[in-house]
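Student: The following file, start-v3.json, comprises JSON, C-alpha atoms:
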[["chain", "number", "residue", "atom", "x", "y", "z"],
["L", 1, "MET", "CA", -95.60, 76.43, -59.05],
["L", 2, "ARG", "CA", -93.85, 73.10, -59.69],
["L", 3, "ILE", "CA", -95.78, 72.60, -62.98],
["L", 4, "ARG", "CA", -94.93, 76.13, -64.22],
["L", 5, "THR", "CA", -91.25, 75.58, -63.33],
["L", 6, "GLY", "CA", -91.26, 72.29, -65.25],
["L", 7, "VAL", "CA", -92.88, 73.91, -68.30],
["L", 8, "LEU", "CA", -90.45, 76.81, -68.12],
["L", 9, "THR", "CA", -87.45, 74.45, -67.80],
["L", 10, "ALA", "CA", -88.70, 72.40, -70.77],
["L", 11, "ALA", "CA", -89.16, 75.57, -72.80],
["L", 12, "ILE", "CA", -85.67, 76.84, -71.98],
["L", 13, "LEU", "CA", -84.06, 73.50, -72.78],
["L", 14, "SER", "CA", -86.01, 73.01, -75.98],
["L", 15, "THR", "CA", -85.24, 76.54, -77.11],
["L", 16, "ALA", "CA", -81.54, 76.24, -76.29],
["L", 17, "CYS", "CA", -81.25, 72.89, -78.09],
["L", 18, "SER", "CA", -83.32, 73.71, -81.17],
["L", 19, "ALA", "CA", -81.98, 74.87, -84.51],
["L", 20, "ALA", "CA", -84.24, 77.90, -84.70],
["L", 21, "ALA", "CA", -85.30, 80.08, -81.81],
["L", 22, "PRO", "CA", -89.03, 80.74, -81.36],
["L", 23, "PRO", "CA", -90.29, 84.24, -82.03],
["L", 24, "PRO", "CA", -89.93, 86.58, -79.04],
["L", 25, "SER", "CA", -93.66, 86.69, -78.46],
["L", 26, "ALA", "CA", -94.07, 82.93, -78.20],
["L", 27, "SER", "CA", -95.20, 81.57, -74.86],
["L", 28, "PRO", "CA", -93.20, 78.82, -73.11],
["L", 29, "SER", "CA", -95.81, 76.18, -73.98],
["L", 30, "ALA", "CA", -95.86, 77.28, -77.62],
["L", 31, "ALA", "CA", -92.06, 77.12, -77.78],
["L", 32, "ALA", "CA", -92.04, 73.62, -76.32],
["L", 33, "SER", "CA", -94.55, 72.35, -78.87],
["L", 34, "SER", "CA", -93.09, 74.03, -81.97],
["L", 35, "PRO", "CA", -91.55, 71.63, -84.53],
["L", 36, "ALA", "CA", -88.17, 73.39, -84.33],
["L", 37, "ALA", "CA", -88.08, 72.88, -80.56],
["L", 38, "ARG", "CA", -88.62, 69.10, -80.67],
["L", 39, "PRO", "CA", -85.51, 66.94, -80.55],
["L", 40, "ALA", "CA", -84.48, 65.05, -83.67],
["L", 41, "THR", "CA", -86.17, 61.68, -84.18],
["L", 42, "HIS", "CA", -82.86, 59.79, -83.90],
["L", 43, "THR", "CA", -83.33, 56.95, -81.45],
["L", 44, "PRO", "CA", -80.11, 55.37, -80.20],
["L", 45, "ALA", "CA", -79.88, 51.61, -80.14],
["L", 46, "PRO", "CA", -80.62, 50.26, -76.66],
["L", 47, "LEU", "CA", -77.54, 49.37, -74.65],
["L", 48, "THR", "CA", -78.79, 46.21, -73.05],
["L", 49, "PHE", "CA", -76.88, 43.07, -72.25],
["L", 50, "ARG", "CA", -76.76, 40.16, -69.87],
["L", 51, "THR", "CA", -73.56, 38.69, -68.53],
["L", 52, "SER", "CA", -72.61, 36.30, -65.78],
["L", 53, "ALA", "CA", -70.32, 37.31, -62.93],
["L", 54, "GLN", "CA", -67.54, 35.18, -64.43],
["L", 55, "GLN", "CA", -67.91, 36.85, -67.85],
["L", 56, "ALA", "CA", -67.92, 40.28, -66.21],
["L", 57, "ARG", "CA", -64.65, 39.45, -64.40],
["L", 58, "MET", "CA", -63.04, 38.31, -67.66],
["L", 59, "VAL", "CA", -64.13, 41.46, -69.48],
["L", 60, "ALA", "CA", -62.90, 43.58, -66.56],
["L", 61, "THR", "CA", -59.53, 41.80, -66.64],
["L", 62, "LEU", "CA", -59.22, 42.29, -70.38],
["L", 63, "VAL", "CA", -60.14, 45.98, -70.22],
["L", 64, "ALA", "CA", -57.73, 46.50, -67.29],
["L", 65, "PHE", "CA", -54.98, 44.76, -69.29],
["L", 66, "LEU", "CA", -55.59, 46.94, -72.36],
["L", 67, "ASP", "CA", -55.68, 50.08, -70.19],
["L", 68, "ALA", "CA", -52.31, 49.15, -68.67],
["L", 69, "TYR", "CA", -50.91, 48.15, -72.09],
["L", 70, "ASN", "CA", -51.97, 51.45, -73.66],
["L", 71, "ALA", "CA", -50.57, 53.40, -70.69],
["L", 72, "GLY", "CA", -47.22, 51.60, -71.02],
["L", 73, "ASP", "CA", -47.60, 50.32, -67.45],
["L", 74, "VAL", "CA", -45.66, 47.07, -67.77],
["L", 75, "ASN", "CA", -46.00, 45.96, -64.13],
["L", 76, "ARG", "CA", -49.77, 46.52, -64.01],
["L", 77, "ALA", "CA", -50.24, 44.65, -67.33],
["L", 78, "LEU", "CA", -47.93, 41.84, -66.21],
["L", 79, "ALA", "CA", -49.95, 41.33, -63.00],
["L", 80, "LEU", "CA", -52.96, 40.38, -65.17],
["L", 81, "LEU", "CA", -51.07, 37.62, -67.00],
["L", 82, "SER", "CA", -50.47, 34.08, -65.76],
["L", 83, "ASP", "CA", -46.88, 32.95, -65.09],
["L", 84, "ASP", "CA", -47.00, 30.62, -68.11],
["L", 85, "VAL", "CA", -48.68, 33.11, -70.48],
["L", 86, "SER", "CA", -48.37, 32.54, -74.23],
["L", 87, "ILE", "CA", -48.42, 35.58, -76.48],
["L", 88, "SER", "CA", -48.39, 36.05, -80.23],
["L", 89, "ASP", "CA", -48.11, 39.42, -81.94],
["L", 90, "CYS", "CA", -47.09, 40.95, -85.23],
["L", 91, "ASP", "CA", -43.70, 42.52, -85.75],
["L", 92, "TYR", "CA", -44.71, 44.80, -88.60],
["L", 93, "ARG", "CA", -41.08, 45.53, -89.53],
["L", 94, "GLY", "CA", -40.53, 41.95, -90.75],
["L", 95, "PRO", "CA", -43.25, 41.18, -91.11],
["L", 96, "LYS", "CA", -43.05, 38.26, -88.74],
["L", 97, "VAL", "CA", -44.91, 36.76, -85.80],
["L", 98, "LEU", "CA", -43.49, 37.12, -82.28],
["L", 99, "THR", "CA", -44.30, 34.35, -79.78],
["L", 100, "PRO", "CA", -43.13, 35.27, -76.28],
["L", 101, "THR", "CA", -43.92, 32.61, -73.67],
["L", 102, "GLY", "CA", -43.67, 32.91, -69.89],
["L", 103, "ARG", "CA", -43.44, 35.82, -67.50],
["L", 104, "ASP", "CA", -39.93, 37.06, -68.43],
["L", 105, "ALA", "CA", -40.68, 37.01, -72.16],
["L", 106, "ALA", "CA", -44.01, 38.75, -71.52],
["L", 107, "ARG", "CA", -42.23, 41.49, -69.55],
["L", 108, "GLN", "CA", -39.79, 42.00, -72.44],
["L", 109, "TRP", "CA", -42.64, 42.12, -75.01],
["L", 110, "LEU", "CA", -44.66, 44.57, -72.89],
["L", 111, "SER", "CA", -41.57, 46.77, -72.40],
["L", 112, "GLU", "CA", -40.94, 46.84, -76.16],
["L", 113, "ARG", "CA", -44.58, 47.64, -76.89],
["L", 114, "ALA", "CA", -44.52, 50.46, -74.30],
["L", 115, "ALA", "CA", -41.30, 51.92, -75.77],
["L", 116, "ASP", "CA", -42.94, 51.80, -79.22],
["L", 117, "HIS", "CA", -45.99, 53.70, -77.87],
["L", 118, "ASP", "CA", -48.20, 50.89, -79.16],
["L", 119, "GLN", "CA", -51.92, 51.55, -78.71],
["L", 120, "LEU", "CA", -54.80, 49.11, -79.15],
["L", 121, "VAL", "CA", -58.17, 50.86, -79.46],
["L", 122, "LEU", "CA", -60.80, 48.39, -78.29],
["L", 123, "GLU", "CA", -63.79, 47.86, -80.58],
["L", 124, "SER", "CA", -65.53, 44.78, -79.14],
["L", 125, "ILE", "CA", -65.21, 41.67, -77.01],
["L", 126, "LEU", "CA", -67.11, 38.54, -78.06],
["L", 127, "ASN", "CA", -67.62, 35.03, -76.82],
["L", 128, "GLU", "CA", -69.74, 33.14, -79.32],
["L", 129, "ASN", "CA", -68.55, 29.66, -78.34],
["L", 130, "PRO", "CA", -71.42, 27.91, -76.52],
["L", 131, "ASP", "CA", -69.33, 24.91, -75.40],
["L", 132, "PRO", "CA", -68.84, 25.31, -71.62],
["L", 133, "THR", "CA", -65.68, 23.16, -71.58],
["L", 134, "THR", "CA", -63.75, 24.88, -74.39],
["L", 135, "GLY", "CA", -65.41, 28.26, -74.80],
["L", 136, "SER", "CA", -66.20, 29.50, -71.32],
["L", 137, "HIS", "CA", -62.77, 31.05, -70.78],
["L", 138, "VAL", "CA", -62.05, 32.27, -74.32],
["L", 139, "VAL", "CA", -63.00, 35.59, -75.95],
["L", 140, "ALA", "CA", -62.26, 37.32, -79.23],
["L", 141, "VAL", "CA", -61.15, 40.93, -79.06],
["L", 142, "SER", "CA", -61.33, 43.24, -82.05],
["L", 143, "TYR", "CA", -59.75, 46.65, -82.33],
["L", 144, "ALA", "CA", -60.90, 49.76, -84.15],
["L", 145, "ARG", "CA", -57.30, 50.93, -84.57],
["L", 146, "ARG", "CA", -53.71, 50.11, -83.69],
["L", 147, "THR", "CA", -51.01, 52.77, -83.70],
["L", 148, "SER", "CA", -47.32, 52.74, -82.84],
["L", 149, "ASP", "CA", -44.04, 54.46, -83.63],
["L", 150, "THR", "CA", -43.14, 51.48, -85.83],
["L", 151, "LEU", "CA", -46.30, 51.85, -87.90],
["L", 152, "ARG", "CA", -45.69, 55.60, -88.24],
["L", 153, "ALA", "CA", -42.10, 54.89, -89.41],
["L", 154, "LEU", "CA", -43.48, 52.41, -91.96],
["L", 155, "GLY", "CA", -45.61, 55.18, -93.50],
["L", 156, "VAL", "CA", -48.88, 54.49, -91.68],
["L", 157, "PRO", "CA", -49.20, 57.63, -89.51],
["L", 158, "ASN", "CA", -52.83, 56.99, -88.51],
["L", 159, "GLY", "CA", -52.26, 53.34, -87.69],
["L", 160, "ILE", "CA", -54.08, 50.29, -88.99],
["L", 161, "GLU", "CA", -57.25, 48.34, -88.50],
["L", 162, "PRO", "CA", -55.83, 44.98, -87.40],
["L", 163, "GLN", "CA", -56.77, 42.19, -89.78],
["L", 164, "THR", "CA", -57.28, 39.61, -87.06],
["L", 165, "ALA", "CA", -58.96, 39.56, -83.68],
["L", 166, "THR", "CA", -57.06, 38.71, -80.52],
["L", 167, "LYS", "CA", -57.82, 35.36, -78.95],
["L", 168, "ALA", "CA", -57.73, 35.85, -75.18],
["L", 169, "VAL", "CA", -57.82, 32.77, -72.96],
["L", 170, "PHE", "CA", -58.29, 33.13, -69.20],
["L", 171, "THR", "CA", -57.24, 30.90, -66.32],
["L", 172, "ALA", "CA", -60.11, 28.98, -64.76],
["L", 173, "THR", "CA", -59.17, 29.92, -61.21],
["L", 174, "ASP", "CA", -58.32, 33.62, -61.07],
["L", 175, "ASP", "CA", -59.34, 35.12, -64.42],
["L", 176, "ARG", "CA", -55.82, 36.12, -65.43],
["L", 177, "LEU", "CA", -54.85, 35.96, -69.10],
["L", 178, "ARG", "CA", -52.93, 32.81, -70.02],
["L", 179, "VAL", "CA", -53.07, 33.39, -73.80],
["L", 180, "PHE", "CA", -53.03, 36.72, -75.60],
["L", 181, "ALA", "CA", -52.87, 35.73, -79.28],
["L", 182, "ASN", "CA", -52.68, 39.12, -80.97],
["L", 183, "GLY", "CA", -50.90, 37.84, -84.07],
["L", 184, "PRO", "CA", -51.68, 35.07, -86.54],
["L", 185, "PHE", "CA", -50.21, 32.21, -84.51],
["L", 186, "GLY", "CA", -49.77, 29.55, -87.17],
["L", 187, "GLY", "CA", -51.67, 31.69, -89.69],
["L", 188, "PRO", "CA", -50.53, 33.48, -92.84],
["L", 189, "ILE", "CA", -47.71, 36.00, -92.29],
["L", 190, "GLU", "CA", -49.52, 38.39, -94.64],
["L", 191, "LEU", "CA", -51.77, 39.25, -91.71],
["L", 192, "CYS", "CA", -48.75, 41.01, -90.19],
["L", 193, "ARG", "CA", -48.25, 43.27, -93.20],
["L", 194, "PRO", "CA", -49.53, 46.74, -92.22],
["L", 195, "ARG", "CA", -52.46, 48.05, -94.26],
["L", 196, "PRO", "CA", -53.96, 51.44, -93.42]]
Now that the file is in, can you turn its structure into structure tokens?
Tutor:
Amino acid sequence: MRIRTGVLTAAILSTACSAAAPPPSASPSAAASSPAARPATHTPAPLTFRTSAQQARMVATLVAFLDAYNAGDVNRALALLSDDVSISDCDYRGPKVLTPTGRDAARQWLSERAADHDQLVLESILNENPDPTTGSHVVAVSYARRTSDTLRALGVPNGIEPQTATKAVFTATDDRLRVFANGPFGGPIELCRPRP
């Protein structure tokens, strides 16, 4: 009975998911083996990775920060930053680079970003620096899209693909962010000019 149920379940699923239904007279085993009933040959790339506990905590902190940032939850985002945090970000109206430093300046920056409905859509997080002394607490963050009221007012209603990655530096003791370099700190101001 269990085998017949399995064959029948496979036949129902393959029939429901196929582009063409088998003829009414087809048996369940015939329907399951028909070319139209087989799934497409698309094989997704394997989602495998290996990370240390420390790396997992940093990624979790970063994702939690971006979730709070995108939700406009200033207090939750601020709790993930160190007291002496250094931030850089683009002011697309200028364009110019903003460089808030310290907890009070970070609160002000986060409040302004929340009021502007700024959204950072995460694309990837990388750490390709093998040096354990300089690279173990630093990651690069790239975004698929950034949107905000400011960008919409500047004629970019669907937002931009940021031209630079964020450099995120974590504290060595509690995995809070001590640097969130989202703008071209010391780099060309042209990187703060919005391009769709």
Student: Which residue out of L:Leu151, L:Val156, L:Val141, L:Ala79 has the minimum interatomic distance to L:Ala181 when all atoms listed in the file are used?
Tutor: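 Ranking L:Leu151, L:Val156, L:Val141, L:Ala79 by distance to L:Ala181, first place goes to L:Val141.
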Student: Ranking L:Thr101, L:Thr51, L:Thr133, L:Asn158 by minimum distance to L:Asp89 and counting all atoms listed in the file, which one comes first?
Tutor: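 Selected residue with least distance to L:Asp89: L:Thr101.
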Student: Please, what distance in Å, to one decimal, runs between atom CA of L:Trp109 and atom CA of L:Ala165?
Tutor: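 We find that atom CA of L:Trp109 and atom CA of L:Ala165 lie 18.7 Å from each other.
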Student: Hey, which of L:Cys192, L:Ala56, L:Ala144, L:Ala114 ends up closest to L:Asp73? Count only C-alpha atoms.
Tutor: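 Answer, going by the shortest atom-to-atom distance: L:Ala114.
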Student: With all atoms listed in the file as the basis for distance, which of L:Arg93, L:Arg152, L:Arg103, L:Arg76 is at the shortest distance from L:His117?
Tutor: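 Going through L:Arg93, L:Arg152, L:Arg103, L:Arg76 one by one, the smallest distance to L:His117 is for L:Arg152.
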Student: Write out as AutoDock Vina command-line options an axis-aligned box for stretch 164-179 of chain L: all of its atoms listed in the file, 8 Å added on each side, centre and edge lengths in Å with one decimal.
Tutor:
--center_x -56.5 --center_y 34.3 --center_z -74.1 --size_x 23.2 --size_y 26.6 --size_z 42.0
Student: Out of L:Asn182, L:Ser88, L:Thr166, L:Gln119, which residue has the shortest atom-to-atom distance to L:Ala140 when counting all atoms listed in the file?
Tutor: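 Ranked by minimum distance to L:Ala140, first place goes to L:Thr166.
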Student: One decimal, Å: what's the distance from atom CA of L:Pro95 over to atom CA of L:Glu123, could you say?
Tutor: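 We find that atom CA of L:Pro95 and atom CA of L:Glu123 lie 24.0 Å from each other.
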Student: Report the distance between atom CA of L:Ala105 and atom CA of L:Gly183 in Å, rounded to one decimal place.
Tutor: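 Computed distance, atom CA of L:Ala105 to atom CA of L:Gly183, equals 15.7 Å.
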Student: Is there a way to get, as a PyMOL selection string, all residues within 8 Å of the point (-43.7, 32.6, -73.1) in file coordinates, counting all atoms listed in the file?
Tutor: chain L and resi 84-87+99-106
Student: With all atoms listed in the file as the basis for distance, which of L:Leu154, L:Pro132, L:Leu80, L:Leu98 is at the shortest distance from L:Ala60?
Tutor: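 Among L:Leu154, L:Pro132, L:Leu80, L:Leu98, it is L:Leu80 that comes nearest to L:Ala60.
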Student: Any idea what's packed within 9 Å of L:Gly159, counting only C-alpha atoms, ignoring anything in its chain fewer than 2 positions away? Could you give it as a VMD selection string?
Tutor: chain L and resid 145 to 148 151 to 152 156 to 157 161 194 to 196
Student: Can you take stretch 59-101 of chain L from the block and write N, CA and C atoms as a PDB file, in the first residue's frame?
Tutor:
ATOM      1  N   VAL L  59      28.374  38.421  10.810  1.00  0.00           N
ATOM      2  CA  VAL L  59      27.337  38.461   9.775  1.00  0.00           C
ATOM      3  C   VAL L  59      25.973  38.685  10.421  1.00  0.00           C
ATOM      4  N   ALA L  60      25.701  38.014  11.531  1.00  0.00           N
ATOM      5  CA  ALA L  60      24.424  38.191  12.228  1.00  0.00           C
ATOM      6  C   ALA L  60      24.264  39.636  12.709  1.00  0.00           C
ATOM      7  N   THR L  61      25.332  40.216  13.239  1.00  0.00           N
ATOM      8  CA  THR L  61      25.280  41.615  13.678  1.00  0.00           C
ATOM      9  C   THR L  61      24.991  42.530  12.504  1.00  0.00           C
ATOM     10  N   LEU L  62      25.681  42.314  11.404  1.00  0.00           N
ATOM     11  CA  LEU L  62      25.493  43.158  10.233  1.00  0.00           C
ATOM     12  C   LEU L  62      24.071  43.047   9.685  1.00  0.00           C
ATOM     13  N   VAL L  63      23.564  41.840   9.575  1.00  0.00           N
ATOM     14  CA  VAL L  63      22.202  41.639   9.075  1.00  0.00           C
ATOM     15  C   VAL L  63      21.189  42.268  10.041  1.00  0.00           C
ATOM     16  N   ALA L  64      21.406  42.108  11.343  1.00  0.00           N
ATOM     17  CA  ALA L  64      20.507  42.724  12.331  1.00  0.00           C
ATOM     18  C   ALA L  64      20.557  44.251  12.221  1.00  0.00           C
ATOM     19  N   PHE L  65      21.753  44.802  12.004  1.00  0.00           N
ATOM     20  CA  PHE L  65      21.874  46.254  11.832  1.00  0.00           C
ATOM     21  C   PHE L  65      21.102  46.711  10.597  1.00  0.00           C
ATOM     22  N   LEU L  66      21.289  46.031   9.475  1.00  0.00           N
ATOM     23  CA  LEU L  66      20.587  46.427   8.246  1.00  0.00           C
ATOM     24  C   LEU L  66      19.077  46.260   8.386  1.00  0.00           C
ATOM     25  N   ASP L  67      18.633  45.219   9.084  1.00  0.00           N
ATOM     26  CA  ASP L  67      17.195  45.046   9.333  1.00  0.00           C
ATOM     27  C   ASP L  67      16.645  46.222  10.132  1.00  0.00           C
ATOM     28  N   ALA L  68      17.365  46.625  11.189  1.00  0.00           N
ATOM     29  CA  ALA L  68      16.923  47.755  12.002  1.00  0.00           C
ATOM     30  C   ALA L  68      16.985  49.059  11.201  1.00  0.00           C
ATOM     31  N   TYR L  69      18.051  49.241  10.439  1.00  0.00           N
ATOM     32  CA  TYR L  69      18.214  50.430   9.588  1.00  0.00           C
ATOM     33  C   TYR L  69      17.036  50.543   8.624  1.00  0.00           C
ATOM     34  N   ASN L  70      16.747  49.459   7.917  1.00  0.00           N
ATOM     35  CA  ASN L  70      15.675  49.471   6.926  1.00  0.00           C
ATOM     36  C   ASN L  70      14.295  49.638   7.566  1.00  0.00           C
ATOM     37  N   ALA L  71      14.147  49.207   8.807  1.00  0.00           N
ATOM     38  CA  ALA L  71      12.874  49.366   9.516  1.00  0.00           C
ATOM     39  C   ALA L  71      12.753  50.754  10.148  1.00  0.00           C
ATOM     40  N   GLY L  72      13.817  51.545  10.108  1.00  0.00           N
ATOM     41  CA  GLY L  72      13.806  52.862  10.736  1.00  0.00           C
ATOM     42  C   GLY L  72      13.834  52.781  12.251  1.00  0.00           C
ATOM     43  N   ASP L  73      14.327  51.661  12.777  1.00  0.00           N
ATOM     44  CA  ASP L  73      14.388  51.449  14.224  1.00  0.00           C
ATOM     45  C   ASP L  73      15.742  51.948  14.732  1.00  0.00           C
ATOM     46  N   VAL L  74      15.796  53.225  15.046  1.00  0.00           N
ATOM     47  CA  VAL L  74      17.043  53.882  15.423  1.00  0.00           C
ATOM     48  C   VAL L  74      17.667  53.251  16.668  1.00  0.00           C
ATOM     49  N   ASN L  75      16.889  52.995  17.690  1.00  0.00           N
ATOM     50  CA  ASN L  75      17.440  52.448  18.944  1.00  0.00           C
ATOM     51  C   ASN L  75      18.018  51.051  18.752  1.00  0.00           C
ATOM     52  N   ARG L  76      17.321  50.220  17.989  1.00  0.00           N
ATOM     53  CA  ARG L  76      17.828  48.857  17.747  1.00  0.00           C
ATOM     54  C   ARG L  76      19.114  48.909  16.924  1.00  0.00           C
ATOM     55  N   ALA L  77      19.177  49.780  15.913  1.00  0.00           N
ATOM     56  CA  ALA L  77      20.391  49.917  15.101  1.00  0.00           C
ATOM     57  C   ALA L  77      21.535  50.471  15.950  1.00  0.00           C
ATOM     58  N   LEU L  78      21.227  51.475  16.767  1.00  0.00           N
ATOM     59  CA  LEU L  78      22.246  52.109  17.599  1.00  0.00           C
ATOM     60  C   LEU L  78      22.864  51.121  18.592  1.00  0.00           C
ATOM     61  N   ALA L  79      22.077  50.188  19.097  1.00  0.00           N
ATOM     62  CA  ALA L  79      22.578  49.194  20.046  1.00  0.00           C
ATOM     63  C   ALA L  79      23.642  48.288  19.431  1.00  0.00           C
ATOM     64  N   LEU L  80      23.703  48.224  18.103  1.00  0.00           N
ATOM     65  CA  LEU L  80      24.672  47.363  17.418  1.00  0.00           C
ATOM     66  C   LEU L  80      25.939  48.112  17.015  1.00  0.00           C
ATOM     67  N   LEU L  81      26.021  49.389  17.395  1.00  0.00           N
ATOM     68  CA  LEU L  81      27.188  50.214  17.094  1.00  0.00           C
ATOM     69  C   LEU L  81      27.988  50.467  18.370  1.00  0.00           C
ATOM     70  N   SER L  82      29.302  50.579  18.228  1.00  0.00           N
ATOM     71  CA  SER L  82      30.133  50.908  19.386  1.00  0.00           C
ATOM     72  C   SER L  82      29.935  52.382  19.743  1.00  0.00           C
ATOM     73  N   ASP L  83      30.326  52.767  20.962  1.00  0.00           N
ATOM     74  CA  ASP L  83      30.168  54.153  21.403  1.00  0.00           C
ATOM     75  C   ASP L  83      30.991  55.125  20.576  1.00  0.00           C
ATOM     76  N   ASP L  84      32.138  54.655  20.035  1.00  0.00           N
ATOM     77  CA  ASP L  84      33.021  55.515  19.257  1.00  0.00           C
ATOM     78  C   ASP L  84      32.918  55.253  17.754  1.00  0.00           C
ATOM     79  N   VAL L  85      31.758  54.783  17.291  1.00  0.00           N
ATOM     80  CA  VAL L  85      31.570  54.406  15.894  1.00  0.00           C
ATOM     81  C   VAL L  85      31.921  55.558  14.944  1.00  0.00           C
ATOM     82  N   SER L  86      32.514  55.184  13.821  1.00  0.00           N
ATOM     83  CA  SER L  86      32.793  56.128  12.730  1.00  0.00           C
ATOM     84  C   SER L  86      31.957  55.700  11.535  1.00  0.00           C
ATOM     85  N   ILE L  87      31.270  56.661  10.946  1.00  0.00           N
ATOM     86  CA  ILE L  87      30.380  56.385   9.823  1.00  0.00           C
ATOM     87  C   ILE L  87      30.765  57.296   8.668  1.00  0.00           C
ATOM     88  N   SER L  88      30.638  56.799   7.458  1.00  0.00           N
ATOM     89  CA  SER L  88      30.689  57.670   6.287  1.00  0.00           C
ATOM     90  C   SER L  88      29.524  57.259   5.398  1.00  0.00           C
ATOM     91  N   ASP L  89      28.937  58.250   4.745  1.00  0.00           N
ATOM     92  CA  ASP L  89      27.783  57.987   3.886  1.00  0.00           C
ATOM     93  C   ASP L  89      27.671  59.116   2.874  1.00  0.00           C
ATOM     94  N   CYS L  90      26.980  58.837   1.803  1.00  0.00           N
ATOM     95  CA  CYS L  90      26.746  59.850   0.776  1.00  0.00           C
ATOM     96  C   CYS L  90      25.518  60.682   1.114  1.00  0.00           C
ATOM     97  N   ASP L  91      25.664  61.985   0.944  1.00  0.00           N
ATOM     98  CA  ASP L  91      24.515  62.881   0.903  1.00  0.00           C
ATOM     99  C   ASP L  91      24.333  63.174  -0.586  1.00  0.00           C
ATOM    100  N   TYR L  92      23.366  62.515  -1.186  1.00  0.00           N
ATOM    101  CA  TYR L  92      23.193  62.597  -2.636  1.00  0.00           C
ATOM    102  C   TYR L  92      22.712  63.964  -3.101  1.00  0.00           C
ATOM    103  N   ARG L  93      22.222  64.814  -2.189  1.00  0.00           N
ATOM    104  CA  ARG L  93      21.773  66.149  -2.581  1.00  0.00           C
ATOM    105  C   ARG L  93      22.945  67.037  -2.934  1.00  0.00           C
ATOM    106  N   GLY L  94      24.109  66.820  -2.343  1.00  0.00           N
ATOM    107  CA  GLY L  94      25.280  67.682  -2.531  1.00  0.00           C
ATOM    108  C   GLY L  94      25.880  67.623  -3.927  1.00  0.00           C
ATOM    109  N   PRO L  95      26.439  66.573  -4.338  1.00  0.00           N
ATOM    110  CA  PRO L  95      26.756  65.438  -3.473  1.00  0.00           C
ATOM    111  C   PRO L  95      27.937  65.763  -2.555  1.00  0.00           C
ATOM    112  N   LYS L  96      27.895  65.129  -1.401  1.00  0.00           N
ATOM    113  CA  LYS L  96      28.988  65.264  -0.450  1.00  0.00           C
ATOM    114  C   LYS L  96      29.017  64.026   0.435  1.00  0.00           C
ATOM    115  N   VAL L  97      30.118  63.886   1.182  1.00  0.00           N
ATOM    116  CA  VAL L  97      30.279  62.751   2.083  1.00  0.00           C
ATOM    117  C   VAL L  97      30.014  63.222   3.511  1.00  0.00           C
ATOM    118  N   LEU L  98      29.145  62.484   4.201  1.00  0.00           N
ATOM    119  CA  LEU L  98      28.868  62.736   5.616  1.00  0.00           C
ATOM    120  C   LEU L  98      29.783  61.843   6.442  1.00  0.00           C
ATOM    121  N   THR L  99      30.281  62.353   7.573  1.00  0.00           N
ATOM    122  CA  THR L  99      31.185  61.557   8.419  1.00  0.00           C
ATOM    123  C   THR L  99      30.833  61.667   9.897  1.00  0.00           C
ATOM    124  N   PRO L 100      29.656  61.186  10.290  1.00  0.00           N
ATOM    125  CA  PRO L 100      29.313  61.218  11.712  1.00  0.00           C
ATOM    126  C   PRO L 100      30.233  60.301  12.520  1.00  0.00           C
ATOM    127  N   THR L 101      30.629  60.780  13.693  1.00  0.00           N
ATOM    128  CA  THR L 101      31.496  60.001  14.580  1.00  0.00           C
ATOM    129  C   THR L 101      30.935  60.055  15.999  1.00  0.00           C
TER     130      THR L 101
END
